[in-house]
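**Q** Sharing structure-v2.txt here; it has compact mmCIF, C-alpha atoms.
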```
# COMPACT_ATOMS: atom_id res chain seq x y z
CA MET A 85 -77.82 6.73 -55.25
CA THR A 86 -80.96 5.06 -53.93
CA THR A 87 -80.29 1.83 -55.81
CA MET A 88 -76.66 1.95 -54.66
CA LEU A 89 -77.75 2.20 -51.02
CA LEU A 90 -80.22 -0.65 -51.51
CA GLY A 91 -77.42 -2.73 -52.99
CA GLU A 92 -75.17 -2.07 -49.99
CA VAL A 93 -78.00 -3.05 -47.64
CA ALA A 94 -78.46 -6.29 -49.58
CA ASN A 95 -74.71 -6.88 -49.41
CA PHE A 96 -74.84 -6.36 -45.64
CA ILE A 97 -77.67 -8.89 -45.33
CA ALA A 98 -75.74 -11.38 -47.47
CA TYR A 99 -72.91 -11.45 -44.92
CA ILE A 100 -75.41 -12.67 -42.31
CA PHE A 101 -76.49 -15.76 -44.23
CA ALA A 102 -73.35 -16.65 -46.22
CA PRO A 103 -69.61 -16.83 -45.52
CA ALA A 104 -67.36 -14.00 -46.66
CA VAL A 105 -65.48 -16.41 -48.92
CA LEU A 106 -68.67 -16.56 -51.00
CA VAL A 107 -70.07 -13.02 -50.67
CA THR A 108 -66.90 -10.99 -51.26
CA PRO A 109 -65.84 -12.51 -54.62
CA LEU A 110 -69.39 -12.21 -55.96
CA GLY A 111 -69.03 -8.45 -55.65
CA ALA A 112 -67.32 -8.67 -59.05
CA LEU A 113 -70.76 -9.24 -60.59
CA SER A 114 -71.54 -5.56 -60.02
CA ILE A 115 -68.63 -4.71 -62.33
CA ILE A 116 -70.13 -6.93 -65.03
CA VAL A 117 -73.58 -5.33 -64.70
CA SER A 118 -72.01 -1.86 -64.85
CA SER A 119 -70.04 -2.74 -67.98
CA VAL A 120 -73.06 -4.22 -69.76
CA LEU A 121 -75.32 -1.30 -68.84
CA ALA A 122 -72.66 1.18 -69.96
CA HIS A 123 -72.50 -0.62 -73.31
CA PHE A 124 -76.24 -0.39 -73.96
CA VAL A 125 -77.26 2.76 -72.08
CA LEU A 126 -74.20 5.01 -72.35
CA LYS A 127 -73.12 3.60 -75.74
CA GLU A 128 -69.68 2.76 -74.38
CA ARG A 129 -68.18 0.06 -76.54
CA LEU A 130 -67.36 -3.18 -74.74
CA GLU A 131 -64.18 -4.48 -76.34
CA LYS A 132 -63.34 -8.17 -76.81
CA LEU A 133 -60.98 -8.01 -73.85
CA GLY A 134 -63.82 -6.66 -71.73
CA VAL A 135 -66.14 -9.45 -72.88
CA LEU A 136 -63.46 -11.99 -71.92
CA GLY A 137 -63.22 -10.34 -68.51
CA CYS A 138 -67.01 -10.60 -68.02
CA VAL A 139 -67.01 -14.26 -69.01
CA SER A 140 -64.11 -14.95 -66.63
CA CYS A 141 -65.95 -13.30 -63.74
CA ILE A 142 -69.11 -15.29 -64.45
CA VAL A 143 -67.26 -18.62 -64.74
CA GLY A 144 -65.30 -17.92 -61.56
CA SER A 145 -68.47 -16.93 -59.69
CA VAL A 146 -70.21 -20.16 -60.71
CA VAL A 147 -67.23 -22.21 -59.51
CA VAL A 148 -67.11 -20.37 -56.17
CA VAL A 149 -70.87 -20.80 -55.60
CA MET A 150 -70.75 -24.52 -56.44
CA HIS A 151 -67.95 -25.22 -53.95
CA ALA A 152 -68.69 -22.62 -51.27
CA PRO A 153 -68.72 -23.85 -47.66
CA GLU A 154 -71.93 -24.00 -45.68
CA GLU A 155 -72.59 -21.13 -43.30
CA HIS A 156 -72.62 -21.86 -39.57
CA MET A 157 -74.99 -19.45 -37.83
CA PRO A 158 -73.67 -18.47 -34.35
CA ASN A 159 -76.14 -18.65 -31.49
CA SER A 160 -75.05 -15.35 -29.91
CA VAL A 161 -72.65 -12.45 -30.24
CA LYS A 162 -70.71 -13.96 -27.36
CA GLU A 163 -69.96 -16.97 -29.54
CA ILE A 164 -68.62 -14.63 -32.24
CA TRP A 165 -66.53 -12.87 -29.61
CA ASN A 166 -65.03 -16.22 -28.62
CA LEU A 167 -64.12 -16.77 -32.27
CA ALA A 168 -62.60 -13.30 -32.46
CA THR A 169 -60.40 -13.91 -29.40
CA GLN A 170 -58.84 -17.09 -30.74
CA PRO A 171 -55.02 -16.95 -30.96
CA GLY A 172 -55.07 -17.30 -34.74
CA PHE A 173 -57.38 -14.36 -35.36
CA LEU A 174 -55.74 -12.23 -32.68
CA ALA A 175 -52.43 -12.79 -34.47
CA TYR A 176 -54.06 -11.63 -37.72
CA VAL A 177 -55.50 -8.51 -36.05
CA VAL A 178 -52.18 -7.59 -34.44
CA THR A 179 -50.36 -8.14 -37.75
CA ALA A 180 -52.90 -6.02 -39.65
CA LEU A 181 -52.75 -3.16 -37.11
CA LEU A 182 -48.94 -3.20 -37.04
CA LEU A 183 -48.92 -3.12 -40.85
CA VAL A 184 -51.38 -0.21 -40.91
CA GLY A 185 -49.40 1.65 -38.26
CA ALA A 186 -46.14 1.24 -40.19
CA LEU A 187 -47.77 2.33 -43.45
CA VAL A 188 -49.43 5.38 -41.89
CA LEU A 189 -46.52 6.60 -39.76
CA PHE A 190 -43.50 5.70 -41.84
CA PHE A 191 -44.32 4.86 -45.46
CA GLU A 192 -47.23 7.22 -46.24
CA PRO A 193 -45.33 10.50 -45.62
CA ARG A 194 -42.44 9.31 -47.79
CA TYR A 195 -43.98 7.17 -50.53
CA GLY A 196 -47.75 7.79 -50.36
CA GLN A 197 -47.79 9.98 -53.46
CA THR A 198 -45.72 7.60 -55.59
CA ASN A 199 -46.57 4.04 -54.48
CA ILE A 200 -50.20 2.97 -54.89
CA LEU A 201 -49.79 0.01 -52.51
CA ILE A 202 -49.42 2.32 -49.49
CA TYR A 203 -52.98 3.69 -49.49
CA LEU A 204 -54.53 0.47 -50.79
CA GLY A 205 -52.67 -1.62 -48.22
CA ILE A 206 -54.14 0.52 -45.44
CA CYS A 207 -57.73 0.51 -46.68
CA SER A 208 -57.66 -3.22 -47.58
CA SER A 209 -56.32 -4.22 -44.15
CA MET A 210 -58.91 -2.07 -42.37
CA GLY A 211 -61.58 -3.30 -44.77
CA SER A 212 -61.01 -6.94 -43.80
CA LEU A 213 -61.63 -6.04 -40.15
CA THR A 214 -64.69 -4.04 -41.18
CA VAL A 215 -66.24 -7.06 -42.90
CA VAL A 216 -65.89 -9.44 -39.95
CA SER A 217 -67.28 -6.77 -37.61
CA ILE A 218 -70.23 -6.11 -39.93
CA LYS A 219 -70.93 -9.84 -40.05
CA ALA A 220 -71.04 -9.91 -36.24
CA ILE A 221 -73.41 -6.93 -36.16
CA GLY A 222 -75.64 -8.53 -38.78
CA VAL A 223 -75.88 -11.75 -36.79
CA ALA A 224 -76.72 -9.72 -33.66
CA ILE A 225 -79.52 -7.90 -35.48
CA LYS A 226 -80.94 -11.17 -36.87
CA LEU A 227 -80.90 -12.86 -33.46
CA THR A 228 -82.51 -9.80 -31.86
CA LEU A 229 -85.29 -9.80 -34.46
CA ASP A 230 -85.78 -13.52 -33.74
CA GLY A 231 -86.43 -12.69 -30.09
CA VAL A 232 -82.97 -13.24 -28.61
CA ASN A 233 -81.88 -9.76 -27.55
CA GLN A 234 -78.17 -9.15 -28.23
CA ALA A 235 -78.09 -5.46 -27.26
CA ALA A 236 -77.36 -6.39 -23.66
CA TYR A 237 -73.99 -7.87 -24.61
CA PRO A 238 -71.13 -5.34 -24.59
CA TYR A 239 -69.55 -7.30 -27.46
CA THR A 240 -72.29 -6.05 -29.81
CA TRP A 241 -71.36 -2.42 -29.22
CA LEU A 242 -67.67 -3.22 -29.40
CA PHE A 243 -68.13 -4.80 -32.83
CA LEU A 244 -70.15 -1.73 -33.86
CA MET A 245 -67.35 0.63 -32.79
CA VAL A 246 -64.75 -1.45 -34.64
CA ALA A 247 -66.91 -1.45 -37.78
CA ILE A 248 -67.34 2.35 -37.66
CA VAL A 249 -63.66 3.14 -37.01
CA CYS A 250 -62.34 0.66 -39.57
CA GLY A 251 -65.00 1.59 -42.13
CA VAL A 252 -64.27 5.32 -41.90
CA SER A 253 -60.51 4.66 -42.14
CA GLN A 254 -61.07 2.40 -45.13
CA ILE A 255 -63.13 5.00 -47.01
CA ASN A 256 -60.70 7.80 -46.10
CA TYR A 257 -57.62 6.08 -47.51
CA LEU A 258 -59.50 4.74 -50.52
CA ASN A 259 -60.46 8.34 -51.37
CA LYS A 260 -56.82 9.37 -50.97
CA ALA A 261 -55.82 6.66 -53.41
CA LEU A 262 -58.47 7.79 -55.90
CA ASP A 263 -57.34 11.41 -55.56
CA THR A 264 -53.71 10.49 -56.20
CA PHE A 265 -53.83 7.69 -58.78
CA ASN A 266 -55.85 6.70 -61.85
CA LEU A 267 -59.17 4.97 -61.20
CA ALA A 268 -58.36 2.30 -63.80
CA ILE A 269 -55.31 1.35 -61.73
CA VAL A 270 -56.83 1.73 -58.26
CA SER A 271 -59.99 -0.34 -58.84
CA PRO A 272 -58.49 -3.73 -59.85
CA ILE A 273 -55.61 -3.57 -57.34
CA TYR A 274 -57.95 -2.59 -54.52
CA TYR A 275 -60.45 -5.31 -55.42
CA VAL A 276 -57.73 -7.98 -55.44
CA MET A 277 -56.18 -6.86 -52.14
CA PHE A 278 -59.49 -6.28 -50.34
CA THR A 279 -60.99 -9.59 -51.48
CA THR A 280 -57.88 -11.57 -50.57
CA LEU A 281 -57.47 -10.08 -47.09
CA THR A 282 -61.20 -10.35 -46.35
CA ILE A 283 -61.25 -14.04 -47.25
CA VAL A 284 -58.13 -14.66 -45.15
CA ALA A 285 -59.59 -12.82 -42.13
CA SER A 286 -62.96 -14.55 -42.38
CA GLY A 287 -61.35 -17.94 -42.95
CA ILE A 288 -59.22 -17.58 -39.83
CA MET A 289 -62.01 -16.23 -37.60
CA PHE A 290 -65.01 -18.27 -38.75
CA LYS A 291 -63.06 -21.29 -40.05
CA ASP A 292 -65.01 -21.20 -43.31
CA TRP A 293 -63.02 -24.06 -44.82
CA ALA A 294 -63.31 -26.39 -41.83
CA GLY A 295 -64.68 -29.79 -42.88
CA GLN A 296 -64.19 -29.16 -46.60
CA SER A 297 -62.17 -31.47 -48.82
CA LEU A 298 -58.96 -30.31 -50.44
CA SER A 299 -60.58 -30.56 -53.87
CA SER A 300 -63.38 -28.17 -52.85
CA ILE A 301 -60.91 -25.68 -51.37
CA ALA A 302 -58.75 -25.89 -54.50
CA SER A 303 -61.82 -25.32 -56.69
CA GLU A 304 -62.81 -22.25 -54.66
CA LEU A 305 -59.30 -20.82 -54.97
CA CYS A 306 -59.33 -21.44 -58.74
CA GLY A 307 -62.71 -19.72 -59.00
CA LEU A 308 -61.41 -16.78 -56.95
CA ILE A 309 -58.32 -16.43 -59.16
CA THR A 310 -60.55 -16.55 -62.25
CA ILE A 311 -62.74 -13.75 -60.85
CA LEU A 312 -59.73 -11.62 -59.97
CA SER A 313 -58.26 -12.17 -63.44
CA GLY A 314 -61.56 -11.22 -65.09
CA THR A 315 -61.75 -8.05 -63.01
CA ILE A 316 -58.25 -7.02 -64.09
CA LEU A 317 -59.12 -7.74 -67.73
CA LEU A 318 -62.24 -5.57 -67.50
CA HIS A 319 -60.35 -2.61 -66.10
CA THR A 320 -57.52 -3.13 -68.59
CA ALA A 321 -60.03 -3.00 -71.45
CA GLU A 322 -61.62 0.13 -69.98
CA GLU A 323 -58.25 1.86 -69.61
CA GLY A 324 -57.31 0.93 -73.19
CA ALA A 325 -60.58 2.34 -74.52
CA ASN A 326 -60.10 5.58 -72.58
CA ASN A 327 -56.53 5.94 -73.85
CA SER A 328 -57.64 5.37 -77.45
CA ALA A 329 -60.34 8.00 -77.12
CA ALA A 330 -57.85 10.44 -75.60
CA LEU A 331 -55.56 10.02 -78.59
CA LEU A 332 -58.30 11.00 -81.05
CA PRO A 333 -59.44 14.57 -80.31
CA TRP A 334 -61.45 16.59 -82.84
CA PRO A 335 -60.96 16.82 -85.76
CA LEU A 336 -59.04 13.54 -85.96
CA ASP A 337 -62.23 11.62 -85.31
CA LYS A 338 -64.17 13.55 -87.98
CA GLY A 339 -61.75 14.40 -90.76
CA SER A 340 -58.16 14.03 -91.86
CA ILE A 341 -54.88 15.89 -91.55
CA SER A 342 -52.38 16.83 -94.23
CA TRP A 343 -48.83 17.91 -93.62
CA CYS A 344 -47.81 20.57 -96.13
CA ILE A 345 -44.11 21.47 -96.38
CA ASN A 346 -42.79 24.58 -98.06
CA LEU A 347 -39.94 23.56 -100.36
CA SER A 348 -39.56 26.89 -102.14
CA SER A 349 -36.56 27.94 -100.07
CA ASP A 350 -33.08 26.51 -100.00
CA ASN A 351 -32.90 26.95 -96.24
CA LEU A 352 -34.06 23.60 -94.82
CA LEU A 353 -34.37 24.90 -91.25
CA LYS A 354 -36.52 27.76 -92.48
CA ASN A 355 -38.66 25.23 -94.35
CA VAL A 356 -39.18 23.25 -91.14
CA GLU A 357 -40.22 26.40 -89.32
CA GLU A 358 -42.77 27.11 -92.04
CA ASP A 359 -44.33 23.64 -91.85
CA TYR A 360 -47.96 23.73 -90.90
CA PHE A 361 -50.93 21.44 -90.31
CA THR A 362 -54.13 21.75 -92.26
CA ALA A 363 -57.13 19.99 -90.79
CA LEU A 364 -59.87 19.16 -93.29
CA GLN A 365 -63.38 18.01 -92.65
CA SER A 366 -63.40 16.05 -95.90
CA SER A 367 -60.81 14.15 -97.91
CA PRO A 368 -57.63 16.19 -98.43
CA ALA A 369 -56.93 17.66 -101.83
CA PRO A 370 -53.73 16.49 -103.57
CA VAL A 371 -50.74 18.60 -102.68
```
What does this structure look like when you write it as structure tokens?

**A**
Amino acid sequence: MTTMLLGEVANFIAYIFAPAVLVTPLGALSIIVSSVLAHFVLKERLEKLGVLGCVSCIVGSVVVVMHAPEEHMPNSVKEIWNLATQPGFLAYVVTALLLVGALVLFFEPRYGQTNILIYLGICSSMGSLTVVSIKAIGVAIKLTLDGVNQAAYPYTWLFLMVAIVCGVSQINYLNKALDTFNLAIVSPIYYVMFTTLTIVASGIMFKDWAGQSLSSIASELCGLITILSGTILLHTAEEGANNSAALLPWPLDKGSISWCINLSSDNLLKNVEEDYFTALQSSPAPV
């Protein structure tokens, strides 16, 4: 838990110095580290499909890092507020809130228990607003530590309130999704939706791609798609391994099974009723 908290703090700091289009996709590297550690420490076998997923995530991450845009450090929280009140980002915020409102009030009561996109759509939309708010708070803290106090601006506290409300809502609906659906299904879909919406929100607000060539933008998108594909492959491999293990309970994984049929009676239905399984720890004797 301590190392997890340290990792989240480092992730928070990363949003201060780098654009979200770079930081968010690199979160897939934690999945790779977890898979590799599970292979060596927990003796969980990493299948070929999982290895391919790891390689895809690494290749995609390298491509994203090589073509990532440069970060423009705002001079004050007021400057970030001006970016947040642009027509383009306001349109995104209104669209996201209307979508969340429709999902919560209309779709969740009817389809929340059967459609995984309901809960994940809510937490991903709120999560994108959480990230841009956290980035604003991080910049405010950095500028304050540099001697330019940002606590006097009301925008700082407004961003903090938005981050808390959106963050709590995000965690709440993510937990609902995990309670209702399989983790192997929730994780890749949530990662794809959250990453995509976060990059869109950050790109609109901070104009991350401004001044970049079309080839660089295309390379970043290809790297992002490669990371998303690798993440899905990793979770697909994990789900396949879990399903295989579930199909082999004891003693199937330690011995063998023989099916012995009683043919002494002329009544075939009675013979079927008298069929029985014999589980052996060693090789079965001829019958």

**Q** Pick out the residues sitting within 12 Å of Val135 of chain A, and hand them over as a list in words; count all atoms listed in the file, and ignore anything fewer than 2 positions along from it in its own chain.

**A**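 That gives Ile115, Ile116, Val117, Ser119, Val120, His123, Arg129, Leu130, Glu131, Lys132, Leu133, Gly137, Cys138, Val139, Ser140, Cys141, Ile142, Gly314, Thr315, Leu317, Leu318, His319, Thr320, Ala321 and Glu322 of chain A.
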
**Q** So that I can see what lies close to Ser303 of chain A, please list as a PyMOL selection string the residues with an atom at most 9 Å from it, counting only C-alpha atoms and leaving out residues fewer than 3 positions away in the same chain.

**A** chain A and resi 147-148+150-151+298-300+306-308

**Q** Which residues are close to Cys207 of chain A, i.e. within 10 Å by only C-alpha atoms, leaving aside same-chain residues fewer than 4 positions away? Reply as number ranges by chain.

**A** A: 184, 201-203, 211-212, 214, 250-261, 274, 277-278

**Q** Given all atoms listed in the file as the basis, pick out the residue of A:Tyr275, A:Trp293, A:Phe265, A:Trp241 nearest to Gln197 of chain A.

**A**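 The shortest atom-to-atom distance to Gln197 of chain A comes from A:Phe265.
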
**Q** Provide the atom CA of Ile316 of chain A to atom CA of Ile283 of chain A distance in Å, to one decimal place.

**A**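 Going from atom CA of Ile316 of chain A over to atom CA of Ile283 of chain A, I get 18.5 Å.
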
**Q** Could you please determine the separation between atom CA of Leu174 of chain A and atom CA of Thr240 of chain A in Å, to one decimal place?

**A**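 Atom CA of Leu174 of chain A sits 17.9 Å away from atom CA of Thr240 of chain A.
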
**Q** Between atom CA of Tyr176 of chain A and atom CA of Ala285 of chain A, measure the distance and give it in Å to one decimal.

**A**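 Value for the atom CA of Tyr176 of chain A-atom CA of Ala285 of chain A distance: 7.2 Å.
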
**Q** Given all atoms listed in the file as the basis, pick out the residue of A:Met245, A:Ala152, A:Ile218, A:Leu262 nearest to Glu304 of chain A.

**A**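 So, comparing all the options, the nearest one is A:Ala152.
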
**Q** Looking at only C-alpha atoms, which of A:Gly196, A:Glu128, A:Pro153, A:Thr228 is the one that sits closest to Ser297 of chain A?

**A**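 Nearest candidate to Ser297 of chain A out of A:Gly196, A:Glu128, A:Pro153, A:Thr228: A:Pro153.
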